[in-house]
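Participant: input-v3.cif is the file, holding mmCIF, C-alpha atoms and all ligand atoms:
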data_protein
loop_
_atom_site.label_atom_id
_atom_site.label_comp_id
_atom_site.auth_asym_id
_atom_site.auth_seq_id
_atom_site.Cartn_x
_atom_site.Cartn_y
_atom_site.Cartn_z
CA MET A 401 -58.85 -128.73 -108.79
CA ALA A 402 -58.55 -132.31 -107.64
CA GLY A 403 -55.09 -133.19 -106.41
CA VAL A 404 -54.10 -136.77 -105.73
CA LEU A 405 -52.00 -137.79 -102.71
CA VAL A 406 -50.47 -141.26 -102.56
CA PHE A 407 -49.29 -142.94 -99.36
CA ALA A 408 -45.86 -144.05 -100.56
CA GLU A 409 -44.38 -146.91 -98.56
CA VAL A 410 -40.64 -147.29 -98.46
CA ASN A 411 -38.67 -150.49 -98.11
CA ASP A 412 -34.86 -150.45 -98.00
CA GLY A 413 -34.80 -146.88 -99.30
CA LYS A 414 -37.04 -147.69 -102.28
CA LEU A 415 -40.73 -147.32 -103.00
CA ARG A 416 -42.72 -150.51 -102.61
CA LYS A 417 -44.19 -151.87 -105.82
CA ALA A 418 -47.76 -151.39 -104.59
CA SER A 419 -46.99 -147.72 -103.96
CA ARG A 420 -45.46 -147.31 -107.42
CA GLU A 421 -48.62 -148.82 -108.88
CA ALA A 422 -50.75 -146.41 -106.84
CA LEU A 423 -48.60 -143.52 -108.09
CA SER A 424 -48.97 -144.74 -111.69
CA ILE A 425 -52.77 -144.70 -111.56
CA GLY A 426 -52.70 -141.61 -109.33
CA ARG A 427 -50.91 -139.67 -112.06
CA LYS A 428 -53.63 -140.58 -114.56
CA LEU A 429 -56.35 -139.49 -112.14
CA ALA A 430 -54.53 -136.23 -111.49
CA GLN A 431 -54.27 -135.61 -115.23
CA ALA A 432 -57.94 -136.43 -115.80
CA SER A 433 -59.08 -134.18 -112.99
CA GLY A 434 -56.70 -131.32 -113.78
CA GLY A 435 -54.85 -131.64 -110.48
CA GLU A 436 -51.36 -132.47 -109.32
CA LEU A 437 -49.90 -135.73 -108.08
CA ALA A 438 -48.15 -135.71 -104.70
CA ALA A 439 -46.89 -138.42 -102.39
CA PHE A 440 -46.49 -138.85 -98.66
CA ALA A 441 -43.58 -140.87 -97.27
CA THR A 442 -41.55 -141.24 -94.11
CA ASP A 443 -38.24 -141.18 -95.97
CA ARG A 444 -37.01 -138.34 -98.19
CA ALA A 445 -34.69 -140.76 -100.02
CA VAL A 446 -37.53 -141.61 -102.40
CA ALA A 447 -38.01 -138.04 -103.74
CA GLU A 448 -36.34 -138.92 -107.01
CA GLU A 449 -38.22 -142.19 -107.46
CA ALA A 450 -41.54 -140.54 -106.60
CA GLY A 451 -40.73 -137.83 -109.16
CA ARG A 452 -40.09 -140.47 -111.81
CA TYR A 453 -43.64 -141.69 -111.23
CA GLY A 454 -44.98 -138.19 -111.68
CA ALA A 455 -45.19 -136.83 -108.12
CA LYS A 456 -44.52 -133.11 -108.06
CA LYS A 457 -44.25 -132.93 -104.28
CA LEU A 458 -43.19 -135.43 -101.64
CA TYR A 459 -44.54 -134.69 -98.17
CA VAL A 460 -42.10 -136.24 -95.72
CA ALA A 461 -42.71 -136.96 -92.05
CA GLU A 462 -39.77 -138.75 -90.48
CA ALA A 463 -42.06 -140.87 -88.35
CA GLY A 464 -39.91 -144.01 -88.18
CA PRO A 465 -41.20 -147.56 -88.58
CA TYR A 466 -44.89 -147.98 -89.37
CA ARG A 467 -47.28 -147.45 -86.48
CA THR A 468 -50.92 -146.84 -87.21
CA GLU A 469 -51.48 -143.89 -84.91
CA THR A 470 -48.36 -141.87 -85.72
CA HIS A 471 -48.61 -142.52 -89.44
CA ALA A 472 -52.30 -141.63 -89.50
CA ALA A 473 -51.61 -138.37 -87.65
CA ALA A 474 -48.67 -137.49 -89.90
CA LEU A 475 -50.55 -138.30 -93.09
CA GLN A 476 -53.44 -136.16 -91.89
CA GLN A 477 -51.03 -133.25 -91.47
CA ALA A 478 -49.76 -133.79 -95.02
CA MET A 479 -53.37 -133.80 -96.21
CA ASP A 480 -53.97 -130.50 -94.42
CA GLN A 481 -51.17 -129.01 -96.53
CA ALA A 482 -51.80 -130.80 -99.85
CA LYS A 483 -55.62 -130.64 -99.68
CA PRO A 484 -56.05 -133.60 -102.05
CA SER A 485 -59.40 -134.65 -103.46
CA ILE A 486 -58.19 -138.24 -103.81
CA VAL A 487 -55.96 -140.20 -101.43
CA LEU A 488 -54.60 -143.54 -102.65
CA PHE A 489 -52.94 -146.39 -100.79
CA GLY A 490 -51.29 -149.50 -102.23
CA GLY A 491 -53.17 -152.51 -100.87
CA THR A 492 -50.41 -153.64 -98.51
CA SER A 493 -51.10 -154.50 -94.86
CA ASN A 494 -50.13 -150.95 -93.86
CA GLY A 495 -52.13 -149.31 -96.65
CA ARG A 496 -55.20 -151.34 -95.78
CA ASP A 497 -54.74 -150.44 -92.14
CA LEU A 498 -54.28 -146.73 -92.66
CA ALA A 499 -56.92 -145.94 -95.28
CA PRO A 500 -60.07 -146.84 -93.32
CA ARG A 501 -58.65 -145.31 -90.16
CA LEU A 502 -58.12 -141.91 -91.75
CA ALA A 503 -61.28 -142.13 -93.82
CA ALA A 504 -63.33 -142.74 -90.67
CA ARG A 505 -61.62 -139.85 -88.92
CA LEU A 506 -62.43 -137.50 -91.83
CA ASN A 507 -65.88 -138.93 -92.47
CA ALA A 508 -64.75 -139.82 -95.99
CA GLY A 509 -65.65 -142.75 -98.22
CA VAL A 510 -63.10 -145.45 -98.98
CA ALA A 511 -63.22 -147.97 -101.81
CA SER A 512 -61.01 -150.88 -100.85
CA ASP A 513 -59.14 -153.41 -102.98
CA VAL A 514 -60.00 -151.69 -106.24
CA ASP A 515 -58.73 -152.93 -109.60
CA ARG A 516 -59.89 -149.99 -111.71
CA LEU A 517 -60.07 -146.26 -111.00
CA ASP A 518 -61.44 -143.40 -113.09
CA TRP A 519 -62.27 -139.76 -112.69
CA ALA A 520 -65.89 -139.54 -113.83
CA ASP A 521 -68.39 -136.71 -113.46
CA GLY A 522 -66.12 -134.98 -110.95
CA LYS A 523 -65.98 -138.07 -108.73
CA LEU A 524 -63.68 -140.98 -108.06
CA ARG A 525 -65.18 -144.06 -109.71
CA ALA A 526 -63.79 -147.40 -108.54
CA ARG A 527 -64.31 -151.02 -109.52
CA ARG A 528 -64.06 -153.61 -106.76
CA PRO A 529 -64.25 -157.39 -107.06
CA VAL A 530 -66.89 -158.66 -104.61
CA TYR A 531 -68.33 -162.04 -103.61
CA SER A 532 -64.87 -163.60 -103.89
CA GLY A 533 -64.31 -162.11 -107.33
CA LYS A 534 -67.53 -163.47 -108.87
CA VAL A 535 -68.90 -160.02 -109.65
CA PHE A 536 -67.58 -156.49 -109.84
CA ALA A 537 -69.12 -153.51 -108.09
CA THR A 538 -68.65 -150.06 -109.56
CA VAL A 539 -68.81 -147.43 -106.86
CA ASP A 540 -68.58 -143.65 -106.86
CA VAL A 541 -66.84 -142.24 -103.83
CA THR A 542 -68.70 -138.99 -103.40
CA SER A 543 -66.84 -137.57 -100.41
CA ASN A 544 -64.06 -135.02 -100.73
CA PRO A 545 -61.46 -136.30 -100.19
CA ALA A 546 -62.18 -139.76 -101.58
CA PHE A 547 -60.03 -142.69 -100.47
CA ALA A 548 -59.11 -145.94 -102.21
CA THR A 549 -56.75 -148.85 -101.68
CA THR A 550 -55.41 -150.44 -104.86
CA ARG A 551 -55.19 -154.17 -105.44
CA PRO A 552 -51.51 -155.11 -105.90
CA ASN A 553 -50.63 -156.02 -109.51
CA ALA A 554 -53.93 -154.65 -110.86
CA PHE A 555 -52.46 -151.35 -112.13
CA PRO A 556 -49.49 -151.34 -114.53
CA LEU A 557 -46.35 -149.49 -113.51
CA GLU A 558 -45.82 -146.42 -115.64
CA GLU A 559 -42.99 -144.00 -115.10
CA ALA A 560 -43.59 -140.39 -116.11
CA GLY A 561 -39.94 -139.47 -116.45
CA GLY A 562 -40.16 -136.39 -114.22
CA GLY A 563 -37.38 -134.95 -112.07
CA ALA A 564 -37.17 -135.39 -108.29
CA ALA A 565 -40.28 -134.41 -106.36
CA GLU A 566 -40.00 -131.27 -104.25
CA VAL A 567 -39.64 -132.34 -100.62
CA VAL A 568 -42.03 -130.68 -98.17
CA SER A 569 -41.33 -131.45 -94.51
CA VAL A 570 -44.26 -132.44 -92.33
CA ALA A 571 -43.88 -132.26 -88.56
CA VAL A 572 -44.42 -135.59 -86.83
CA PRO A 573 -47.28 -134.98 -84.40
CA GLN A 574 -46.47 -135.78 -80.79
CA ILE A 575 -49.22 -138.14 -79.83
CA GLU A 576 -49.47 -140.61 -77.04
CA ALA A 577 -49.82 -143.79 -79.06
CA LYS A 578 -51.85 -146.57 -77.49
CA GLY A 579 -50.02 -149.14 -79.58
CA LYS A 580 -46.39 -150.08 -79.01
CA LEU A 581 -44.05 -151.57 -81.55
CA LEU A 582 -42.60 -154.64 -79.87
CA GLU A 583 -40.89 -156.47 -82.68
CA THR A 584 -40.36 -156.28 -86.44
CA LYS A 585 -40.07 -159.56 -88.29
CA THR A 586 -38.38 -159.42 -91.64
CA PRO A 587 -38.75 -162.17 -94.21
CA GLU A 588 -35.73 -164.40 -94.78
CA ALA A 589 -33.15 -162.96 -97.15
CA GLY A 590 -34.31 -163.32 -100.73
CA GLU A 591 -37.89 -164.19 -99.72
CA ILE A 592 -40.49 -162.34 -101.76
CA SER A 593 -43.84 -161.34 -100.24
CA ILE A 594 -46.86 -162.88 -102.01
CA ALA A 595 -48.67 -159.53 -101.82
CA GLU A 596 -46.74 -157.91 -104.65
CA ALA A 597 -45.06 -160.90 -106.33
CA ASP A 598 -45.15 -161.28 -110.07
CA ILE A 599 -44.87 -165.06 -109.80
CA ILE A 600 -46.24 -167.24 -106.98
CA VAL A 601 -45.64 -170.95 -106.49
CA SER A 602 -48.15 -172.34 -104.01
CA GLY A 603 -48.30 -175.66 -102.22
CA GLY A 604 -51.26 -177.51 -100.76
CA ARG A 605 -52.07 -180.57 -98.66
CA GLY A 606 -50.91 -182.72 -101.56
CA LEU A 607 -47.39 -182.03 -100.27
CA LYS A 608 -48.16 -184.50 -97.46
CA GLU A 609 -45.87 -182.90 -94.86
CA ALA A 610 -44.13 -179.65 -93.90
CA ALA A 611 -40.66 -180.73 -95.04
CA ASN A 612 -41.91 -181.14 -98.61
CA PHE A 613 -42.51 -177.39 -98.88
CA SER A 614 -38.82 -177.36 -99.84
CA LEU A 615 -39.99 -178.51 -103.31
CA ILE A 616 -42.17 -175.42 -103.61
CA ARG A 617 -39.41 -173.16 -102.23
CA ASP A 618 -36.86 -174.58 -104.68
CA LEU A 619 -39.11 -173.92 -107.65
CA ALA A 620 -40.04 -170.45 -106.37
CA HIS A 621 -36.37 -169.51 -105.88
CA ALA A 622 -35.40 -170.90 -109.30
CA ILE A 623 -38.17 -169.00 -111.07
CA GLY A 624 -37.82 -165.81 -108.98
CA GLY A 625 -41.22 -166.09 -107.35
CA ALA A 626 -42.83 -166.03 -103.92
CA VAL A 627 -44.03 -169.04 -101.92
CA GLY A 628 -47.79 -169.33 -101.44
CA ALA A 629 -49.86 -171.86 -99.54
CA SER A 630 -53.38 -173.15 -99.06
CA ARG A 631 -55.06 -172.72 -95.72
CA ALA A 632 -54.95 -176.46 -95.07
CA THR A 633 -51.16 -176.31 -94.95
CA VAL A 634 -51.15 -173.17 -92.80
CA ASP A 635 -53.64 -174.72 -90.37
CA ALA A 636 -51.45 -177.81 -90.22
CA GLY A 637 -48.54 -175.60 -89.16
CA TRP A 638 -46.46 -176.45 -92.23
CA ILE A 639 -45.95 -172.80 -93.17
CA ASP A 640 -46.61 -169.33 -91.78
CA HIS A 641 -49.93 -167.55 -92.31
CA GLN A 642 -48.26 -164.72 -94.26
CA HIS A 643 -48.03 -167.19 -97.18
CA GLN A 644 -51.73 -168.08 -97.21
CA VAL A 645 -53.65 -167.30 -100.36
CA GLY A 646 -57.42 -167.07 -100.25
CA GLN A 647 -60.47 -165.65 -98.60
CA THR A 648 -58.92 -165.61 -95.14
CA GLY A 649 -55.39 -165.09 -96.44
CA ARG A 650 -54.12 -162.77 -99.15
CA VAL A 651 -55.87 -161.93 -102.39
CA VAL A 652 -53.18 -162.02 -105.06
CA SER A 653 -53.07 -161.20 -108.78
CA PRO A 654 -49.64 -162.27 -110.01
CA ASN A 655 -48.71 -162.67 -113.63
CA LEU A 656 -48.15 -166.40 -113.02
CA TYR A 657 -49.67 -168.57 -110.28
CA ILE A 658 -48.52 -172.18 -109.99
CA ALA A 659 -50.66 -174.34 -107.69
CA ALA A 660 -49.25 -177.74 -106.72
CA GLY A 661 -51.29 -180.21 -104.69
CA ILE A 662 -54.08 -177.69 -104.14
CA SER A 663 -57.65 -178.87 -104.77
CA GLY A 664 -59.04 -175.44 -105.61
CA ALA A 665 -61.66 -174.94 -102.90
CA ILE A 666 -63.80 -171.86 -103.46
CA GLN A 667 -62.07 -170.05 -100.59
CA HIS A 668 -58.70 -170.63 -102.24
CA LEU A 669 -59.95 -169.57 -105.67
CA ALA A 670 -61.24 -166.36 -104.10
CA GLY A 671 -57.64 -165.38 -103.47
CA MET A 672 -56.00 -166.24 -106.77
CA SER A 673 -58.47 -166.59 -109.64
CA SER A 674 -57.65 -163.08 -110.88
CA SER A 675 -54.05 -164.19 -111.58
CA LYS A 676 -53.12 -163.52 -115.20
CA HIS A 677 -51.89 -167.09 -115.91
CA ILE A 678 -52.67 -170.12 -113.75
CA VAL A 679 -50.85 -173.45 -113.87
CA ALA A 680 -52.24 -176.31 -111.78
CA ILE A 681 -50.48 -179.56 -110.89
CA ASN A 682 -52.78 -182.13 -109.32
CA LYS A 683 -53.06 -185.90 -109.54
CA ASP A 684 -56.88 -185.74 -109.53
CA PRO A 685 -58.18 -184.78 -113.01
CA GLU A 686 -61.48 -183.71 -111.41
CA ALA A 687 -59.86 -181.23 -108.99
CA PRO A 688 -61.74 -177.89 -109.17
CA ILE A 689 -58.47 -175.99 -109.58
CA PHE A 690 -58.42 -177.16 -113.21
CA ARG A 691 -61.57 -175.11 -113.89
CA VAL A 692 -59.61 -171.88 -113.47
CA ALA A 693 -56.26 -173.14 -114.79
CA ASP A 694 -54.88 -171.99 -118.14
CA LEU A 695 -52.53 -174.95 -118.09
CA GLY A 696 -53.36 -178.12 -116.16
CA VAL A 697 -50.89 -180.91 -115.43
CA VAL A 698 -52.50 -184.13 -114.18
CA GLY A 699 -49.80 -185.98 -112.30
CA ASP A 700 -47.72 -186.46 -109.21
CA LEU A 701 -46.28 -183.21 -107.91
CA PHE A 702 -43.34 -185.10 -106.38
CA GLN A 703 -42.19 -185.87 -109.90
CA ILE A 704 -43.37 -182.78 -111.74
CA VAL A 705 -42.27 -179.98 -109.42
CA PRO A 706 -38.58 -181.07 -109.10
CA ALA A 707 -38.44 -181.72 -112.85
CA LEU A 708 -39.83 -178.24 -113.49
CA THR A 709 -37.26 -176.73 -111.12
CA GLU A 710 -34.46 -178.49 -113.00
CA GLU A 711 -35.79 -177.25 -116.34
CA VAL A 712 -36.00 -173.67 -115.05
CA LYS A 713 -32.43 -173.86 -113.75
CA LYS A 714 -31.23 -175.29 -117.06
CA ALA A 715 -33.04 -172.60 -119.04
CA LYS A 716 -31.43 -169.91 -116.88
CA THR A 717 -27.91 -171.16 -117.54
CA HIS A 718 -28.38 -171.03 -121.32
C1 LIG A 801 -64.44 -169.68 -93.80
C2 LIG A 801 -63.36 -170.41 -94.55
C3 LIG A 801 -62.31 -169.70 -95.04
C4 LIG A 801 -61.28 -170.36 -95.74
N1 LIG A 801 -60.22 -169.62 -96.23
C5 LIG A 801 -59.30 -170.25 -96.99
C6 LIG A 801 -58.22 -169.51 -97.58
O1 LIG A 801 -58.06 -168.31 -97.38
N2 LIG A 801 -57.34 -170.19 -98.36
C7 LIG A 801 -57.45 -171.54 -98.60
O2 LIG A 801 -56.58 -172.09 -99.31
N3 LIG A 801 -58.43 -172.25 -98.04
C8 LIG A 801 -59.36 -171.64 -97.23
N4 LIG A 801 -60.32 -172.39 -96.64
C9 LIG A 801 -60.20 -173.85 -96.67
C10 LIG A 801 -60.68 -174.47 -97.97
O3 LIG A 801 -62.07 -174.73 -97.88
C11 LIG A 801 -59.96 -175.83 -98.23
O4 LIG A 801 -60.12 -176.67 -97.10
C12 LIG A 801 -58.46 -175.67 -98.46
O5 LIG A 801 -58.22 -174.69 -99.44
C13 LIG A 801 -57.90 -177.00 -98.94
O6 LIG A 801 -56.51 -176.92 -99.07
P1 LIG A 801 -55.75 -177.87 -100.08
O7 LIG A 801 -56.25 -177.65 -101.44
O8 LIG A 801 -54.30 -177.70 -99.80
O9 LIG A 801 -56.13 -179.34 -99.53
P2 LIG A 801 -57.08 -180.43 -100.15
O10 LIG A 801 -58.43 -179.90 -100.43
O11 LIG A 801 -56.96 -181.60 -99.24
O12 LIG A 801 -56.42 -180.77 -101.56
C14 LIG A 801 -55.20 -181.44 -101.71
C15 LIG A 801 -55.05 -181.72 -103.20
O13 LIG A 801 -53.78 -182.29 -103.42
C16 LIG A 801 -53.93 -183.26 -104.47
N5 LIG A 801 -52.81 -184.18 -104.33
C17 LIG A 801 -52.57 -185.09 -103.34
N6 LIG A 801 -51.42 -185.71 -103.56
C18 LIG A 801 -50.91 -185.22 -104.70
C19 LIG A 801 -49.73 -185.47 -105.43
N7 LIG A 801 -48.82 -186.37 -105.04
N8 LIG A 801 -49.51 -184.77 -106.58
C20 LIG A 801 -50.42 -183.86 -107.03
N9 LIG A 801 -51.54 -183.57 -106.36
C21 LIG A 801 -51.78 -184.25 -105.20
C22 LIG A 801 -55.27 -183.88 -104.22
O14 LIG A 801 -55.77 -184.47 -105.43
C23 LIG A 801 -56.09 -182.68 -103.77
O15 LIG A 801 -56.75 -182.07 -104.86
C24 LIG A 801 -61.35 -171.76 -95.94
C25 LIG A 801 -62.45 -172.46 -95.44
C26 LIG A 801 -63.44 -171.80 -94.76
C27 LIG A 801 -64.60 -172.58 -94.25
#
For the structure just supplied, provide its representation as structure tokens.
Facilitator:
Amino acid sequence: MAGVLVFAEVNDGKLRKASREALSIGRKLAQASGGELAAFATDRAVAEEAGRYGAKKLYVAEAGPYRTETHAAALQQAMDQAKPSIVLFGGTSNGRDLAPRLAARLNAGVASDVDRLDWADGKLRARRPVYSGKVFATVDVTSNPAFATTRPNAFPLEEAGGGAAEVVSVAVPQIEAKGKLLETKTPEAGEISIAEADIIVSGGRGLKEAANFSLIRDLAHAIGGAVGASRATVDAGWIDHQHQVGQTGRVVSPNLYIAAGISGAIQHLAGMSSSKHIVAINKDPEAPIFRVADLGVVGDLFQIVPALTEEVKKAKTH
């Protein structure tokens, strides 16, 4: 019997979207393999939510804020109890940190950043975009347990309608952690992380200077999206690295990606070309971004972006 255990991250007493996505696909894998879905969290408050996504049990270790070593040790204890054949992590920074660490410790295989998962021939079969999304690799993870991190927004959210998951307490192992948590930075109120956003509005060097990112922020706030950026703007110090989309930033797959003043260098495309709908605003009709855009607007972003923001605001008041 192949049980599935999902590392369920909690933010403000709720499951993160990436974790709910991992639970949604986890439930299907559990069904296909004839096993049970369970979750691991550091907060019992999510027992009901985890149950709604099909988790029968919630292993809880009150381990406090995320730290690699304590969370890895606690999750390993939960695994000792749950004995899962598959362990899934949403592809957040923490999930991508924890999965390879535990997999290495257990000599298990891990498929990272997967956008498709199946139970095939008694094994976990995963599809991973490689070479900056140009091709897909299908891999079988033959170890037991098998690990995978899921690409945010690649798996649809599907509630199962179950009751609250049964809470099983897991002792927090007393370990002498080499790492120390010095500071936690929280995004500004109302700011959405690009990792899990459904809509991203991104700005590039076409903005000319840092202050003009306010145009991007205004549109993002109006439309309910996150603020993204090209590396050129991050390198110029106009915006923080956590907003960078691309090969050396975040790989994102939102429903809607709006790129303004971004040329569409291959390293940028590597991070956003799997977006469901792409809108590009660029004054150069030859800009490579138009090759991946579903809707291209050739023009000056300083006119188009504020006009778009106004239209969105108007549409919302009607
Ligand atoms: C190893 C490596 C890794 C990299 N990783 C990343 C990464 O993760 N993410 C990333 O983004 N880049 C990455 N890069 C950098 C990448 O190659 C490009 O340099 C970068 O993406 C360019 O950013 P940009 O499009 O903002 O700037 P530019 O290429 O300078 O493009 C600016 C665009 O703005 C347009 N524009 C100018 N004015 C206006 C206006 N008024 N209205 C409308 N449009 C206007 C121009 O026509 C132009 O197309 C990486 C490079 C390397 C070598």
Participant: Can you tell me how far CA of Val535 in chain A sits from CA of Ser673 in chain A, in Å to one decimal?
Facilitator: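 One can read the CA of Val535 in chain A to CA of Ser673 in chain A distance as 12.3 Å.
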Participant: How big is the axis-aligned box around all listed atoms of ligand LIG 801 (chain A) once 8 Å goes on each side, and where's its centre, in Å to one decimal, as JSON?
Facilitator:
{"center_x": -56.7, "center_y": -177.3, "center_z": -100.4, "size_x": 31.8, "size_y": 34.1, "size_z": 29.2}
Participant: Mind listing whatever residues come within 9 Å of the point (-40.5, -140.0, -103.8)? Use only C-alpha atoms, file coordinates, and give them as a PyMOL selection string.
Facilitator: chain A and resi 408+414-415+438-441+443-453+455+457-459+564-567
Participant: Calculate how many Å separate CA of Ala665 in chain A from atom P1 of ligand LIG 801 (chain A), rounding to one decimal.
Facilitator: 7.2 Å
Participant: Expressed in Å to a single decimal, how great is the separation between CA of Ala715 in chain A and CA of Leu619 in chain A?
Facilitator: 13.0 Å
Participant: Identify which of the residues A:Lys417, A:Arg467, A:Lys456, A:His718 lies closest to Thr584 in chain A, counting all atoms listed in the file when measuring atom-to-atom distances.
Facilitator: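 Ranked by minimum distance to Thr584 in chain A, first place goes to A:Arg467.
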Participant: How would you write, as a PyMOL selection string, the set of residues no farther than 7 Å from ligand LIG 801 (chain A) when counting all atoms listed in the file?
Facilitator: chain A and resi 603-607+629-633+644-649+660-668+671+681-684+687+699-702
Participant: Counting all atoms listed in the file, which residues come within 8 Å of (-60.3, -141.2, -111.5), with the point read in the file's coordinates, and could you list them as a ChimeraX atom specification?
Facilitator: /A:426,428-430,432-433,517-520,523-526
Participant: Have a look at A:Ser419, A:Ala659, A:Ile486, A:Leu506 and name the one nearest to Ile704 in chain A; count all atoms listed in the file.
Facilitator: A:Ala659
Participant: Name the closest residue to Thr470 in chain A among the candidates A:Glu421, A:Glu436, A:Asp412, A:Glu576; distances are taken between atoms, counting all atoms listed in the file.
Facilitator: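 Checking each candidate against Thr470 in chain A, we get A:Glu576 as the closest.
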Participant: Please provide the set of residues having any atom within 8 Å of Ala482 in chain A, restricted to all atoms listed in the file, with same-chain residues fewer than 4 positions apart removed, written as a PyMOL selection string.
Facilitator: chain A and resi 403+405+438+478
Participant: Each residue of range 456-517 of chain A lying at most 12 Å from range 530-534 of chain A should get a row with its shortest atom-to-atom pair and the distance in Å to one decimal, counting all atoms listed in the file; could you produce that, ordered by chain and increasing number, as a tab-separated table?
Facilitator:
residue	atom	partner	partner_atom	distance
A:Ala511	CA	A:Val530	CA	11.6
A:Ser512	CA	A:Val530	CA	10.5
A:Asp513	CA	A:Val530	CA	9.5
A:Val514	CA	A:Val530	CA	9.9
A:Asp515	CA	A:Gly533	CA	11.0
Participant: Which residue out of A:Leu656, A:Ala418, A:Ala560, A:Ile575 has the minimum interatomic distance to Ala474 in chain A when all atoms listed in the file are used?
Facilitator: A:Ile575
Participant: Which of these, A:Glu583, A:Glu596, A:Asp540, A:Glu462, has the shortest distance to Ser569 in chain A once you count all atoms listed in the file?
Facilitator: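 Looking at the shortest contact to Ser569 in chain A, the residue is A:Glu462.
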Participant: For a quick check of understanding, using all atoms listed in the file, which of A:Asn411, A:Asn612, A:Ser675, A:Asn544 has the smallest distance to Ala597 in chain A?
Facilitator: A:Ser675
Participant: Determine, counting only C-alpha atoms, which protein, DNA and RNA residues have an atom within 12 Å of an atom of Gly495 in chain A; residues of the same chain fewer than 3 positions away are not included. Present the result as a ChimeraX atom specification.
Facilitator: /A:406-410,416,418-419,422,466-468,471-472,475,487-492,498-503,510,512-513,547-552,595
Participant: Keeping only C-alpha atoms, write those residues as a PDB file, keeping the file's coordinate frame.
Facilitator:
ATOM      1  CA  VAL A 406     -50.470-141.260-102.560  1.00  0.00           C
ATOM      2  CA  PHE A 407     -49.290-142.940 -99.360  1.00  0.00           C
ATOM      3  CA  ALA A 408     -45.860-144.050-100.560  1.00  0.00           C
ATOM      4  CA  GLU A 409     -44.380-146.910 -98.560  1.00  0.00           C
ATOM      5  CA  VAL A 410     -40.640-147.290 -98.460  1.00  0.00           C
ATOM      6  CA  ARG A 416     -42.720-150.510-102.610  1.00  0.00           C
ATOM      7  CA  ALA A 418     -47.760-151.390-104.590  1.00  0.00           C
ATOM      8  CA  SER A 419     -46.990-147.720-103.960  1.00  0.00           C
ATOM      9  CA  ALA A 422     -50.750-146.410-106.840  1.00  0.00           C
ATOM     10  CA  TYR A 466     -44.890-147.980 -89.370  1.00  0.00           C
ATOM     11  CA  ARG A 467     -47.280-147.450 -86.480  1.00  0.00           C
ATOM     12  CA  THR A 468     -50.920-146.840 -87.210  1.00  0.00           C
ATOM     13  CA  HIS A 471     -48.610-142.520 -89.440  1.00  0.00           C
ATOM     14  CA  ALA A 472     -52.300-141.630 -89.500  1.00  0.00           C
ATOM     15  CA  LEU A 475     -50.550-138.300 -93.090  1.00  0.00           C
ATOM     16  CA  VAL A 487     -55.960-140.200-101.430  1.00  0.00           C
ATOM     17  CA  LEU A 488     -54.600-143.540-102.650  1.00  0.00           C
ATOM     18  CA  PHE A 489     -52.940-146.390-100.790  1.00  0.00           C
ATOM     19  CA  GLY A 490     -51.290-149.500-102.230  1.00  0.00           C
ATOM     20  CA  GLY A 491     -53.170-152.510-100.870  1.00  0.00           C
ATOM     21  CA  THR A 492     -50.410-153.640 -98.510  1.00  0.00           C
ATOM     22  CA  LEU A 498     -54.280-146.730 -92.660  1.00  0.00           C
ATOM     23  CA  ALA A 499     -56.920-145.940 -95.280  1.00  0.00           C
ATOM     24  CA  PRO A 500     -60.070-146.840 -93.320  1.00  0.00           C
ATOM     25  CA  ARG A 501     -58.650-145.310 -90.160  1.00  0.00           C
ATOM     26  CA  LEU A 502     -58.120-141.910 -91.750  1.00  0.00           C
ATOM     27  CA  ALA A 503     -61.280-142.130 -93.820  1.00  0.00           C
ATOM     28  CA  VAL A 510     -63.100-145.450 -98.980  1.00  0.00           C
ATOM     29  CA  SER A 512     -61.010-150.880-100.850  1.00  0.00           C
ATOM     30  CA  ASP A 513     -59.140-153.410-102.980  1.00  0.00           C
ATOM     31  CA  PHE A 547     -60.030-142.690-100.470  1.00  0.00           C
ATOM     32  CA  ALA A 548     -59.110-145.940-102.210  1.00  0.00           C
ATOM     33  CA  THR A 549     -56.750-148.850-101.680  1.00  0.00           C
ATOM     34  CA  THR A 550     -55.410-150.440-104.860  1.00  0.00           C
ATOM     35  CA  ARG A 551     -55.190-154.170-105.440  1.00  0.00           C
ATOM     36  CA  PRO A 552     -51.510-155.110-105.900  1.00  0.00           C
ATOM     37  CA  ALA A 595     -48.670-159.530-101.820  1.00  0.00           C
TER      38      ALA A 595
END
Participant: Only N, CA and C atoms, as a short mmCIF file (atom, residue, chain, number, x, y, z; two decimals), in the first residue's frame: that is what I want for range 679-684 of chain A.
Facilitator:
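Produced file decode-v1.cif, reproduced below:
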data_model
loop_
_atom_site.label_atom_id
_atom_site.label_comp_id
_atom_site.auth_asym_id
_atom_site.auth_seq_id
_atom_site.Cartn_x
_atom_site.Cartn_y
_atom_site.Cartn_z
N VAL A 679 0.79 38.52 -21.80
CA VAL A 679 0.56 39.81 -22.46
C VAL A 679 1.88 40.57 -22.41
N ALA A 680 2.33 41.06 -23.57
CA ALA A 680 3.60 41.80 -23.59
C ALA A 680 3.36 43.22 -24.06
N ILE A 681 4.00 44.17 -23.37
CA ILE A 681 3.93 45.58 -23.77
C ILE A 681 5.37 46.02 -24.01
N ASN A 682 5.66 46.37 -25.25
CA ASN A 682 7.04 46.74 -25.58
C ASN A 682 7.00 47.67 -26.80
N LYS A 683 7.88 48.67 -26.81
CA LYS A 683 7.82 49.62 -27.92
C LYS A 683 8.55 49.08 -29.16
N ASP A 684 9.31 48.00 -28.97
CA ASP A 684 10.05 47.41 -30.09
C ASP A 684 9.27 46.22 -30.66
#
